[in-house]
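Heads up, model.txt below (compact mmCIF, C-alpha atoms and all ligand atoms):
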# COMPACT_ATOMS: atom_id res chain seq x y z
CA MET U 1 94.99 92.45 56.56
CA ASP U 2 96.40 95.92 55.97
CA ILE U 3 94.53 98.61 54.08
CA ILE U 4 96.57 98.17 50.88
CA GLU U 5 95.69 94.47 50.61
CA ARG U 6 92.09 95.16 51.60
CA PHE U 7 91.81 97.71 48.80
CA ILE U 8 93.39 95.35 46.28
CA ARG U 9 90.98 92.60 47.28
CA ASN U 10 87.93 94.88 47.22
CA PRO U 11 88.44 98.47 45.99
CA GLU U 12 84.99 99.56 47.17
CA LEU U 13 85.99 101.34 50.37
CA GLY U 14 84.42 104.20 52.34
CA LYS U 15 85.80 107.74 52.49
CA THR U 16 87.79 107.35 55.72
CA GLU U 17 89.30 104.11 54.41
CA TYR U 18 90.39 105.87 51.20
CA VAL U 19 92.10 108.50 53.35
CA GLU U 20 93.82 105.69 55.24
CA LEU U 21 94.80 104.05 51.94
CA LEU U 22 96.29 107.28 50.60
CA ARG U 23 98.25 107.77 53.79
CA ALA U 24 99.48 104.17 53.79
CA SER U 25 100.56 104.48 50.14
CA GLU U 26 103.22 107.04 51.14
CA ASP U 27 105.31 104.08 52.15
CA ARG U 28 107.57 103.05 49.25
CA GLN U 29 106.81 99.38 49.54
CA ALA U 30 103.10 100.01 49.70
CA ALA U 31 103.28 102.22 46.58
CA HIS U 32 105.25 99.47 44.88
CA ARG U 33 102.61 96.89 45.77
CA LEU U 34 99.86 99.13 44.34
CA ALA U 35 101.85 99.69 41.14
CA GLU U 36 102.43 95.96 40.76
CA GLU U 37 98.70 95.25 41.01
CA ALA U 38 97.90 98.18 38.68
CA VAL U 39 100.26 96.81 36.04
CA ARG U 40 98.79 93.34 36.42
CA LEU U 41 95.31 94.72 35.73
CA ARG U 42 96.28 96.91 32.78
CA LYS U 43 98.04 93.90 31.25
CA LYS U 44 94.98 91.75 31.83
CA TYR U 45 92.74 94.13 29.86
CA TYR U 46 95.14 95.85 27.47
CA GLY U 47 98.28 93.71 27.29
CA ASN U 48 101.40 95.78 26.80
CA ALA U 49 99.72 98.37 24.56
CA VAL U 50 100.26 102.08 25.07
CA TYR U 51 97.64 103.88 22.98
CA VAL U 52 98.49 107.04 21.11
CA ARG U 53 96.16 110.03 20.73
CA GLY U 54 96.97 113.06 18.61
CA LEU U 55 96.30 116.21 20.61
CA ILE U 56 95.18 119.29 18.67
CA GLU U 57 95.03 122.37 20.87
CA PHE U 58 92.84 124.43 18.60
CA THR U 59 92.04 127.54 20.63
CA ASN U 60 93.53 129.22 23.69
CA TYR U 61 90.65 131.68 24.08
CA CYS U 62 88.65 130.89 27.21
CA ARG U 63 85.63 132.51 28.83
CA ASN U 64 86.43 130.88 32.18
CA ASP U 65 88.79 132.10 34.84
CA CYS U 66 89.95 128.95 36.67
CA PHE U 67 92.58 130.06 39.18
CA TYR U 68 95.12 127.40 38.16
CA CYS U 69 95.03 127.69 34.40
CA GLY U 70 97.48 129.63 32.21
CA ILE U 71 94.92 130.29 29.45
CA ARG U 72 92.24 131.64 31.84
CA ARG U 73 90.31 134.69 30.70
CA SER U 74 92.37 137.10 32.82
CA SER U 75 95.78 135.79 31.73
CA ARG U 76 97.69 138.70 30.23
CA GLY U 77 100.79 138.64 28.05
CA LEU U 78 99.43 135.68 26.15
CA GLU U 79 98.86 135.83 22.42
CA ARG U 80 95.48 134.25 21.73
CA TYR U 81 94.90 132.07 18.66
CA ARG U 82 92.20 130.03 16.98
CA LEU U 83 92.81 127.39 14.33
CA THR U 84 90.64 127.46 11.23
CA GLU U 85 88.87 124.36 9.98
CA GLU U 86 91.56 124.00 7.31
CA GLU U 87 94.33 124.23 9.89
CA ILE U 88 92.66 121.61 12.08
CA LEU U 89 92.25 119.33 9.09
CA SER U 90 95.87 119.71 8.16
CA CYS U 91 96.85 118.67 11.72
CA CYS U 92 94.74 115.54 11.13
CA GLU U 93 96.39 115.02 7.77
CA GLU U 94 99.79 115.09 9.42
CA GLY U 95 98.43 112.75 12.12
CA SER U 96 97.05 110.35 9.56
CA ARG U 97 100.38 110.32 7.73
CA LEU U 98 102.00 109.30 11.03
CA GLY U 99 99.36 106.60 11.55
CA PHE U 100 97.21 108.24 14.23
CA GLN U 101 93.64 107.02 14.62
CA THR U 102 92.40 109.29 17.38
CA TYR U 103 92.26 113.07 17.31
CA VAL U 104 91.66 114.97 20.50
CA LEU U 105 90.34 118.47 19.87
CA GLN U 106 91.08 120.43 23.00
CA GLY U 107 90.63 124.09 23.76
CA GLY U 108 89.49 126.75 26.16
CA GLU U 109 85.77 127.40 26.39
CA ASP U 110 85.61 129.56 23.30
CA PRO U 111 82.11 130.59 22.15
CA TRP U 112 83.49 131.41 18.69
CA TYR U 113 83.29 127.66 18.08
CA THR U 114 79.53 127.48 17.86
CA ASP U 115 77.77 124.15 17.47
CA GLU U 116 77.59 124.75 13.71
CA ARG U 117 81.33 125.35 13.44
CA LEU U 118 82.25 122.35 15.59
CA GLU U 119 79.78 120.12 13.76
CA ARG U 120 81.36 121.07 10.44
CA ILE U 121 84.84 120.34 11.77
CA ILE U 122 83.84 116.97 13.22
CA ARG U 123 81.97 115.94 10.07
CA SER U 124 84.91 116.89 7.85
CA ILE U 125 87.36 114.89 9.99
CA LYS U 126 85.03 111.87 10.00
CA GLU U 127 84.49 112.14 6.25
CA GLN U 128 88.19 112.13 5.52
CA TYR U 129 89.20 109.61 8.20
CA PRO U 130 86.12 107.39 8.70
CA ASP U 131 87.93 104.91 10.93
CA CYS U 132 89.29 107.42 13.38
CA ALA U 133 87.89 108.36 16.77
CA VAL U 134 87.22 112.03 17.50
CA THR U 135 87.58 113.12 21.10
CA LEU U 136 86.39 116.54 22.22
CA SER U 137 87.68 118.46 25.22
CA VAL U 138 85.99 121.84 25.07
CA GLY U 139 84.51 122.21 28.52
CA GLU U 140 80.96 122.75 29.67
CA ARG U 141 78.24 123.12 27.04
CA SER U 142 74.49 122.55 26.95
CA TYR U 143 72.92 119.11 26.62
CA GLU U 144 71.64 120.13 23.20
CA SER U 145 75.14 121.10 22.13
CA TYR U 146 76.62 117.81 23.36
CA ARG U 147 73.82 116.00 21.52
CA ARG U 148 74.54 117.78 18.25
CA LEU U 149 78.28 117.17 18.47
CA ARG U 150 77.70 113.50 19.21
CA GLU U 151 75.32 113.30 16.26
CA ALA U 152 78.01 114.92 14.09
CA GLY U 153 80.31 112.01 14.95
CA ALA U 154 82.23 112.82 18.15
CA ASP U 155 83.00 109.58 19.99
CA ARG U 156 84.65 110.63 23.23
CA TYR U 157 84.70 113.61 25.57
CA LEU U 158 87.30 114.62 28.14
CA LEU U 159 86.03 116.82 30.96
CA ARG U 160 88.03 116.55 34.15
CA HIS U 161 85.81 117.12 37.17
CA GLU U 162 88.91 118.83 38.73
CA THR U 163 87.83 118.02 42.31
CA ALA U 164 84.77 116.27 43.70
CA SER U 165 84.72 118.33 46.89
CA GLU U 166 82.38 121.37 46.85
CA GLU U 167 84.62 123.41 49.11
CA HIS U 168 87.77 122.60 47.18
CA TYR U 169 86.02 123.31 43.87
CA ARG U 170 85.28 126.83 45.15
CA ARG U 171 88.91 127.29 46.12
CA LEU U 172 90.00 126.48 42.54
CA HIS U 173 87.31 128.33 40.57
CA PRO U 174 85.51 131.67 40.55
CA ALA U 175 82.01 131.85 42.01
CA GLU U 176 80.24 131.66 38.65
CA MET U 177 81.46 128.09 38.10
CA SER U 178 79.91 125.13 39.90
CA LEU U 179 80.80 121.54 40.65
CA VAL U 180 77.15 120.55 40.38
CA HIS U 181 77.09 121.76 36.78
CA ARG U 182 80.41 120.13 35.95
CA LYS U 183 79.18 116.77 37.25
CA GLN U 184 75.88 117.22 35.44
CA CYS U 185 77.76 117.70 32.17
CA LEU U 186 79.64 114.44 32.75
CA TYR U 187 76.41 112.51 33.33
CA GLN U 188 74.83 114.09 30.26
CA LEU U 189 77.82 113.12 28.13
CA LYS U 190 77.54 109.54 29.37
CA ASP U 191 73.85 109.54 28.70
CA LEU U 192 74.50 110.58 25.10
CA GLY U 193 76.79 107.61 24.57
CA TYR U 194 80.14 109.36 24.61
CA GLN U 195 83.09 107.49 26.09
CA VAL U 196 83.78 109.91 28.91
CA GLY U 197 86.94 111.03 30.63
CA ALA U 198 86.90 112.66 34.07
CA GLY U 199 89.91 113.44 36.25
CA PHE U 200 91.78 115.91 38.38
CA MET U 201 95.17 117.42 39.11
CA ALA U 202 97.37 115.83 41.76
CA GLY U 203 98.52 118.35 44.36
CA SER U 204 96.29 121.27 43.38
CA PRO U 205 96.27 124.06 45.99
CA GLY U 206 94.28 123.13 49.10
CA GLN U 207 93.98 119.47 48.15
CA THR U 208 94.21 117.00 51.04
CA TYR U 209 93.66 113.27 51.23
CA ALA U 210 90.05 113.99 52.21
CA GLU U 211 89.49 115.72 48.85
CA LEU U 212 91.26 112.93 46.99
CA ALA U 213 89.07 110.38 48.77
CA GLU U 214 86.05 112.25 47.39
CA ASP U 215 87.60 112.09 43.93
CA LEU U 216 87.93 108.33 44.24
CA LEU U 217 84.33 107.98 45.38
CA PHE U 218 83.15 110.13 42.49
CA LEU U 219 85.15 108.17 39.91
CA ARG U 220 83.68 104.97 41.28
CA GLU U 221 80.17 106.38 40.95
CA LEU U 222 80.64 107.85 37.45
CA LYS U 223 82.67 104.94 36.06
CA PRO U 224 84.30 106.95 33.28
CA GLN U 225 86.04 105.15 30.43
CA MET U 226 89.02 107.50 30.76
CA ALA U 227 90.65 109.38 33.63
CA GLY U 228 93.12 112.26 33.25
CA ILE U 229 95.37 112.63 36.28
CA GLY U 230 98.46 114.83 36.18
CA PRO U 231 100.37 117.00 38.63
CA PHE U 232 99.30 120.60 39.18
CA ILE U 233 102.06 122.92 37.93
CA PRO U 234 101.89 126.66 38.70
CA HIS U 235 101.67 129.23 35.92
CA HIS U 236 103.28 132.64 36.43
CA SER U 237 100.27 134.71 35.41
CA THR U 238 97.67 133.00 37.61
CA PRO U 239 96.68 133.60 41.27
CA PHE U 240 98.37 130.25 42.05
CA ARG U 241 101.76 131.38 40.72
CA ASP U 242 103.46 130.89 44.10
CA GLU U 243 101.79 127.62 45.03
CA PRO U 244 103.94 124.47 45.08
CA ALA U 245 103.56 121.99 42.23
CA GLY U 246 102.00 118.59 42.83
CA SER U 247 104.55 115.80 43.10
CA VAL U 248 105.37 113.10 40.58
CA GLU U 249 105.29 110.54 43.35
CA LEU U 250 101.72 111.44 44.45
CA THR U 251 100.59 111.38 40.81
CA LEU U 252 102.02 107.89 40.35
CA ARG U 253 100.33 106.56 43.48
CA LEU U 254 97.02 107.99 42.27
CA LEU U 255 97.45 106.42 38.84
CA SER U 256 97.91 103.00 40.46
CA ILE U 257 94.95 103.48 42.79
CA VAL U 258 92.67 104.60 39.95
CA ARG U 259 93.76 101.66 37.80
CA ILE U 260 92.81 99.29 40.61
CA LEU U 261 89.53 101.10 41.20
CA LEU U 262 88.59 101.12 37.49
CA PRO U 263 90.62 98.28 35.94
CA ARG U 264 89.57 98.95 32.33
CA VAL U 265 90.04 102.70 32.41
CA LEU U 266 92.18 104.39 29.77
CA LEU U 267 94.75 106.30 31.74
CA PRO U 268 97.18 108.74 30.12
CA ALA U 269 100.70 109.41 31.29
CA THR U 270 100.08 113.16 30.95
CA THR U 271 102.19 115.93 29.46
CA ALA U 272 102.25 117.52 32.94
CA LEU U 273 103.86 114.34 34.32
CA GLY U 274 106.42 114.42 31.49
CA THR U 275 107.07 118.10 32.22
CA MET U 276 107.82 117.45 35.91
CA ASP U 277 110.17 114.54 35.27
CA PRO U 278 112.06 113.55 32.11
CA MET U 279 111.17 109.92 32.88
CA GLY U 280 107.64 110.86 33.95
CA ARG U 281 105.85 108.98 31.20
CA GLU U 282 107.80 105.77 31.74
CA LYS U 283 107.08 106.02 35.45
CA GLY U 284 103.42 106.57 34.57
CA PHE U 285 103.28 103.34 32.53
CA ALA U 286 104.94 101.44 35.36
CA ALA U 287 102.22 102.79 37.69
CA GLY U 288 99.33 101.66 35.48
CA ALA U 289 98.95 104.32 32.72
CA ASN U 290 98.37 103.12 29.14
CA VAL U 291 97.85 106.20 26.94
CA VAL U 292 100.08 108.98 25.57
CA MET U 293 98.89 112.12 23.82
CA PRO U 294 101.61 113.62 21.62
CA ASN U 295 101.03 117.14 20.36
CA LEU U 296 99.76 117.53 16.79
CA SER U 297 99.07 121.28 17.06
CA PRO U 298 100.89 123.54 14.58
CA ALA U 299 104.39 124.15 15.96
CA ALA U 300 103.83 127.94 15.88
CA ASN U 301 100.92 127.73 18.35
CA ARG U 302 102.25 125.22 20.83
CA LYS U 303 103.97 127.72 23.11
CA GLN U 304 100.76 129.74 23.23
CA TYR U 305 98.75 126.90 24.74
CA GLU U 306 100.61 127.34 27.98
CA LEU U 307 98.46 125.88 30.76
CA TYR U 308 101.41 125.92 33.17
CA ASP U 309 105.05 127.04 33.13
CA ASN U 310 107.56 125.16 30.95
CA LYS U 311 104.93 122.87 29.42
CA LEU U 312 106.62 120.34 27.15
CA CYS U 313 105.75 120.69 23.49
CA THR U 314 108.84 119.54 21.62
CA GLY U 315 111.04 116.47 21.85
CA ASP U 316 109.14 113.24 22.36
CA GLU U 317 106.07 115.27 23.28
CA ALA U 318 105.69 116.32 19.65
CA ALA U 319 103.89 114.04 17.24
CA GLU U 320 106.74 114.47 14.70
CA SER U 321 109.00 112.58 17.10
CA LEU U 322 106.80 109.49 17.07
CA ALA U 323 109.75 107.25 16.19
CA ASP U 324 111.62 108.44 19.31
CA LEU U 325 108.53 107.99 21.44
CA LYS U 326 108.16 104.45 20.08
CA LYS U 327 111.76 103.68 21.02
CA ARG U 328 111.27 104.99 24.53
CA VAL U 329 108.02 103.12 25.06
CA GLU U 330 109.59 99.91 23.79
CA ALA U 331 112.72 100.41 25.88
CA ALA U 332 110.43 100.56 28.92
CA GLY U 333 108.92 97.18 27.92
CA TRP U 334 105.64 98.37 26.34
CA ARG U 335 104.28 98.43 22.79
CA LEU U 336 103.17 101.66 21.13
CA SER U 337 99.77 101.01 19.56
CA MET U 338 98.35 103.18 16.80
CA GLU U 339 94.94 101.50 17.01
CA ARG U 340 91.82 103.44 18.00
CA GLY U 341 92.10 101.86 21.44
CA ASP U 342 88.53 102.04 22.74
CA ALA U 343 87.90 101.30 26.39
CA ALA U 344 87.98 97.55 27.05
CA GLU U 345 84.27 97.29 27.85
CA GLU U 346 83.46 98.85 24.47
CA LEU U 347 85.65 96.30 22.75
CA GLU U 348 83.97 93.44 24.56
CA GLU U 349 80.53 94.74 23.61
CA ALA U 350 81.57 95.15 19.98
CA GLN U 351 82.89 91.59 19.90
CA LYS U 352 79.64 90.24 21.34
CA ALA U 353 77.55 92.10 18.73
N1 LIG Q 401 88.51 123.92 28.65
C1 LIG Q 401 88.43 122.50 28.70
C2 LIG Q 401 88.02 122.03 30.07
O1 LIG Q 401 87.81 122.84 30.95
O2 LIG Q 401 87.87 120.82 30.26
C3 LIG Q 401 89.70 121.79 28.24
C4 LIG Q 401 90.98 122.51 28.36
S1 LIG Q 401 91.63 122.62 30.02
C5 LIG Q 401 92.98 123.73 29.79
C6 LIG Q 401 92.41 121.01 30.20
C7 LIG Q 401 92.92 120.62 31.58
O3 LIG Q 401 94.16 121.26 31.85
C8 LIG Q 401 92.08 120.99 32.75
O4 LIG Q 401 91.06 120.04 32.93
C9 LIG Q 401 93.08 121.05 33.92
O5 LIG Q 401 92.95 119.94 34.78
C10 LIG Q 401 94.43 121.07 33.21
N2 LIG Q 401 95.24 122.20 33.71
C11 LIG Q 401 94.93 123.50 33.65
N3 LIG Q 401 95.86 124.24 34.32
C12 LIG Q 401 96.77 123.38 34.80
C13 LIG Q 401 97.94 123.52 35.60
N4 LIG Q 401 98.33 124.72 36.03
N5 LIG Q 401 98.64 122.42 35.92
C14 LIG Q 401 98.23 121.20 35.48
N6 LIG Q 401 97.13 121.00 34.75
C15 LIG Q 401 96.39 122.07 34.41
Final structure tokens representation of the file:
Amino acid sequence: MDIIERFIRNPELGKTEYVELLRASEDRQAAHRLAEEAVRLRKKYYGNAVYVRGLIEFTNYCRNDCFYCGIRRSSRGLERYRLTEEEILSCCEEGSRLGFQTYVLQGGEDPWYTDERLERIIRSIKEQYPDCAVTLSVGERSYESYRRLREAGADRYLLRHETASEEHYRRLHPAEMSLVHRKQCLYQLKDLGYQVGAGFMAGSPGQTYAELAEDLLFLRELKPQMAGIGPFIPHHSTPFRDEPAGSVELTLRLLSIVRILLPRVLLPATTALGTMDPMGREKGFAAGANVVMPNLSPAANRKQYELYDNKLCTGDEAAESLADLKKRVEAAGWRLSMERGDAAEELEEAQKA
């Protein structure tokens, strides 16, 4: 049996076999076979639903200096902004009017948002929209901080591990950051009962199949409820400005592989994928993705949250264009769902209780 079928039958492979799988998936027919199985599994657990999350990019200040990121500390020529509690709440109000039930608060690692400030924001959102899910994506914080934010009502946390290879992690980040700490944060978040999202960029500088195999092994070990996988896209004011972007095709193969590895995972067709290809999201759904995250940030700030060049923030990417997004999702054969859309295992547990 070839490696593709072996993986489909039993996704628990060793590192060298994952490398072999990744190499074999370059073949169009093999990629097609993986996508077919990925779609079968996402349909089994989630039907045709594509879940919608409202993304609120609330600060572009960041104390970190990740070499790939457009809002890194050393990025110049970038106007920095922070949303006030009122502004964040009015994004949620707009989201609620549109029917959103999940708010993702994402930002750089900005110490201005102390635990007290974030707690207040989370509590206010939960008070006004008790049925919604609040997802945080604000980087590495202490266990105590994660505990307090969870206690305040945060349900989910997105923290991509970025790469599970020590050497590659050092190539992407300055010396003061560490993979060990990043992974520790993910385990702490799980321990605190968050639904956790890990993930990585496809085609980041220096990434080979060996690194990607490590990512697959790490995802299998962590078993996150969500996985964010999008292409790396260079940003003009970062050290990686001249590096090639990751490809759409590699991203799609990885989406299928991760769906097969973690069948119940919530897998977004990312903005980066939509930026690289006008049909990127549709291709993402056909490869196994089942989440979209339209932008609910105030229109005036969207350009300023520029993680990479030409990042989409209008058109169907914008929450205001929900009706257009719905049409596109339906035209591709899926159903746009405004439900909270918890990970399938959570749903099963809730039904048992
Ligand atoms: N600061 C938080 C953190 O570190 O998790 C959340 C914000 S961070 C900007 C969100 C994600 O953007 C990162 O995890 C990274 O994978 C992605 N990202 C940053 N720069 C990118 C680039 N040039 N191309 C594609 N994705 C990028």
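When all atoms listed in the file are used to measure the gap to U:Ala31, the shortest distance among U:Leu307, U:Ile257, U:Val138, U:Ala319 belongs to U:Ile257.
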Requested in this report: Could you check which of U:Cys185, U:Leu159, U:Leu261, U:Met338 is closest to U:Gly197, using all atoms listed in the file?
Outcome: U:Leu159
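Restricting the calculation to all atoms listed in the file, the smallest distance between ligand LIG 401 (chain Q) and any of U:Pro298, U:Gly14, U:Gly206, U:Gly108 is found for U:Gly108.
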Dump the neighbourhood of ligand LIG 401 (chain Q) as a CSV table (one decimal) with C-alpha atoms, keeping the file's coordinate frame: all residues within 9 Å, distances computed on only C-alpha atoms and all ligand atoms.
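Printed below is result-v4.csv as written:
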chain,number,residue,atom,x,y,z
U,57,GLU,CA,95.0,122.4,20.9
U,60,ASN,CA,93.5,129.2,23.7
U,62,CYS,CA,88.6,130.9,27.2
U,64,ASN,CA,86.4,130.9,32.2
U,66,CYS,CA,90.0,129.0,36.7
U,67,PHE,CA,92.6,130.1,39.2
U,68,TYR,CA,95.1,127.4,38.2
U,69,CYS,CA,95.0,127.7,34.4
U,70,GLY,CA,97.5,129.6,32.2
U,71,ILE,CA,94.9,130.3,29.4
U,72,ARG,CA,92.2,131.6,31.8
U,106,GLN,CA,91.1,120.4,23.0
U,107,GLY,CA,90.6,124.1,23.8
U,108,GLY,CA,89.5,126.8,26.2
U,109,GLU,CA,85.8,127.4,26.4
U,110,ASP,CA,85.6,129.6,23.3
U,136,LEU,CA,86.4,116.5,22.2
U,137,SER,CA,87.7,118.5,25.2
U,138,VAL,CA,86.0,121.8,25.1
U,139,GLY,CA,84.5,122.2,28.5
U,140,GLU,CA,81.0,122.8,29.7
U,158,LEU,CA,87.3,114.6,28.1
U,159,LEU,CA,86.0,116.8,31.0
U,160,ARG,CA,88.0,116.6,34.2
U,161,HIS,CA,85.8,117.1,37.2
U,162,GLU,CA,88.9,118.8,38.7
U,198,ALA,CA,86.9,112.7,34.1
U,199,GLY,CA,89.9,113.4,36.2
U,200,PHE,CA,91.8,115.9,38.4
U,201,MET,CA,95.2,117.4,39.1
U,202,ALA,CA,97.4,115.8,41.8
U,204,SER,CA,96.3,121.3,43.4
U,228,GLY,CA,93.1,112.3,33.2
U,229,ILE,CA,95.4,112.6,36.3
U,230,GLY,CA,98.5,114.8,36.2
U,231,PRO,CA,100.4,117.0,38.6
U,232,PHE,CA,99.3,120.6,39.2
U,233,ILE,CA,102.1,122.9,37.9
U,234,PRO,CA,101.9,126.7,38.7
U,235,HIS,CA,101.7,129.2,35.9
U,238,THR,CA,97.7,133.0,37.6
U,240,PHE,CA,98.4,130.2,42.0
U,241,ARG,CA,101.8,131.4,40.7
U,245,ALA,CA,103.6,122.0,42.2
U,246,GLY,CA,102.0,118.6,42.8
U,271,THR,CA,102.2,115.9,29.5
U,272,ALA,CA,102.2,117.5,32.9
U,273,LEU,CA,103.9,114.3,34.3
U,305,TYR,CA,98.8,126.9,24.7
U,306,GLU,CA,100.6,127.3,28.0
U,307,LEU,CA,98.5,125.9,30.8
U,308,TYR,CA,101.4,125.9,33.2
U,309,ASP,CA,105.0,127.0,33.1
Requested in this report: Can you work out the spacing between atom CA of U:Glu214 and atom CA of U:Lys44 in Å, to one decimal?
Outcome: 27.2 Å
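Of the residues listed (U:Arg259, U:Arg53, U:Lys326, U:Lys190), U:Lys190 shows the shortest atom-to-atom separation from U:Arg147; distances use all atoms listed in the file.
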**Report entry** Test item: residues at most 12 Å from U:Glu330, all atoms listed in the file, excluding those fewer than 3 positions along its chain, as a PyMOL selection string
**Finding:** chain U and resi 48-50+282+285+323-327+333-337
Report task. Name all residues at most 7 Å from U:Leu296 (count all atoms listed in the file; drop same-chain ones fewer than 4 positions away) and give them as an NGL selection string. Result -> :U and (54-56 or 91 or 95 or 318-319)
Query raised in the report: For the point (91.9, 99.8, 34.8) in file coordinates, what residues are within 9 Å, counting only C-alpha atoms? Give the answer as number ranges by chain?
Result: U: 38-39, 41-42, 45-46, 256, 258-267, 288-289, 344
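Our summary of the geometry notes that atom CA of U:Leu212 is positioned 11.7 Å from atom CA of U:Glu17.
Minimum distance to U:Tyr81 across U:Tyr157, U:Arg302, U:Val329, U:Gly193 (counting only C-alpha atoms) occurs at U:Arg302.
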Report task. Between atom CA of U:Val291 and atom CA of U:Val52, measure the distance and give it in Å to one decimal. Result -> 5.9 Å
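Among the candidates U:Leu98, U:Ala210, U:Leu89, U:Leu22, the residue lying nearest to U:His168 is U:Ala210 (atoms considered: all atoms listed in the file).
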Query - Test item: residues at most 9 Å from U:Glu339, all atoms listed in the file, excluding those fewer than 3 positions along its chain, as JSON, numbers by chain - result: {"U": [51, 52, 99, 100, 101, 102, 132, 342]}
Query raised in the report: Which polymer residues, protein or nucleic acid, are no farther than 12 Å from (82.9, 113.1, 45.6), counting only C-alpha atoms, as number ranges by chain?
Result: U: 14-15, 18, 161-169, 179-180, 183, 199-200, 210-222
Would you mind exporting the chosen residues as a PDB file, keeping the file's coordinate frame, restricted to C-alpha atoms?
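Generated file (result38.pdb):
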ATOM      1  CA  GLY U  14      84.420 104.200  52.340  1.00  0.00           C
ATOM      2  CA  LYS U  15      85.800 107.740  52.490  1.00  0.00           C
ATOM      3  CA  TYR U  18      90.390 105.870  51.200  1.00  0.00           C
ATOM      4  CA  HIS U 161      85.810 117.120  37.170  1.00  0.00           C
ATOM      5  CA  GLU U 162      88.910 118.830  38.730  1.00  0.00           C
ATOM      6  CA  THR U 163      87.830 118.020  42.310  1.00  0.00           C
ATOM      7  CA  ALA U 164      84.770 116.270  43.700  1.00  0.00           C
ATOM      8  CA  SER U 165      84.720 118.330  46.890  1.00  0.00           C
ATOM      9  CA  GLU U 166      82.380 121.370  46.850  1.00  0.00           C
ATOM     10  CA  GLU U 167      84.620 123.410  49.110  1.00  0.00           C
ATOM     11  CA  HIS U 168      87.770 122.600  47.180  1.00  0.00           C
ATOM     12  CA  TYR U 169      86.020 123.310  43.870  1.00  0.00           C
ATOM     13  CA  LEU U 179      80.800 121.540  40.650  1.00  0.00           C
ATOM     14  CA  VAL U 180      77.150 120.550  40.380  1.00  0.00           C
ATOM     15  CA  LYS U 183      79.180 116.770  37.250  1.00  0.00           C
ATOM     16  CA  GLY U 199      89.910 113.440  36.250  1.00  0.00           C
ATOM     17  CA  PHE U 200      91.780 115.910  38.380  1.00  0.00           C
ATOM     18  CA  ALA U 210      90.050 113.990  52.210  1.00  0.00           C
ATOM     19  CA  GLU U 211      89.490 115.720  48.850  1.00  0.00           C
ATOM     20  CA  LEU U 212      91.260 112.930  46.990  1.00  0.00           C
ATOM     21  CA  ALA U 213      89.070 110.380  48.770  1.00  0.00           C
ATOM     22  CA  GLU U 214      86.050 112.250  47.390  1.00  0.00           C
ATOM     23  CA  ASP U 215      87.600 112.090  43.930  1.00  0.00           C
ATOM     24  CA  LEU U 216      87.930 108.330  44.240  1.00  0.00           C
ATOM     25  CA  LEU U 217      84.330 107.980  45.380  1.00  0.00           C
ATOM     26  CA  PHE U 218      83.150 110.130  42.490  1.00  0.00           C
ATOM     27  CA  LEU U 219      85.150 108.170  39.910  1.00  0.00           C
ATOM     28  CA  ARG U 220      83.680 104.970  41.280  1.00  0.00           C
ATOM     29  CA  GLU U 221      80.170 106.380  40.950  1.00  0.00           C
ATOM     30  CA  LEU U 222      80.640 107.850  37.450  1.00  0.00           C
TER      31      LEU U 222
END
Requested in this report: Could you give me, as a PyMOL selection string, the residues within 7 Å of U:Gln195, counting all atoms listed in the file and dropping anything in the same chain fewer than 6 positions from it?
Outcome: chain U and resi 155-157+225
Padding of 3 Å on every side, edges along x, y and z, all listed atoms of stretch 83-92 of chain U included: what centre and edge lengths in Å, to one decimal, does that box have, as AutoDock Vina command-line options?
--center_x 92.9 --center_y 121.5 --center_z 10.8 --size_x 14.0 --size_y 17.9 --size_z 13.0
**Report entry** Distance query U:Leu21 at most 8 Å, all atoms listed in the file, self and fewer than 5 positions along chain excluded, as an MDAnalysis selection string
**Finding:** chainID U and resid 3:4 7
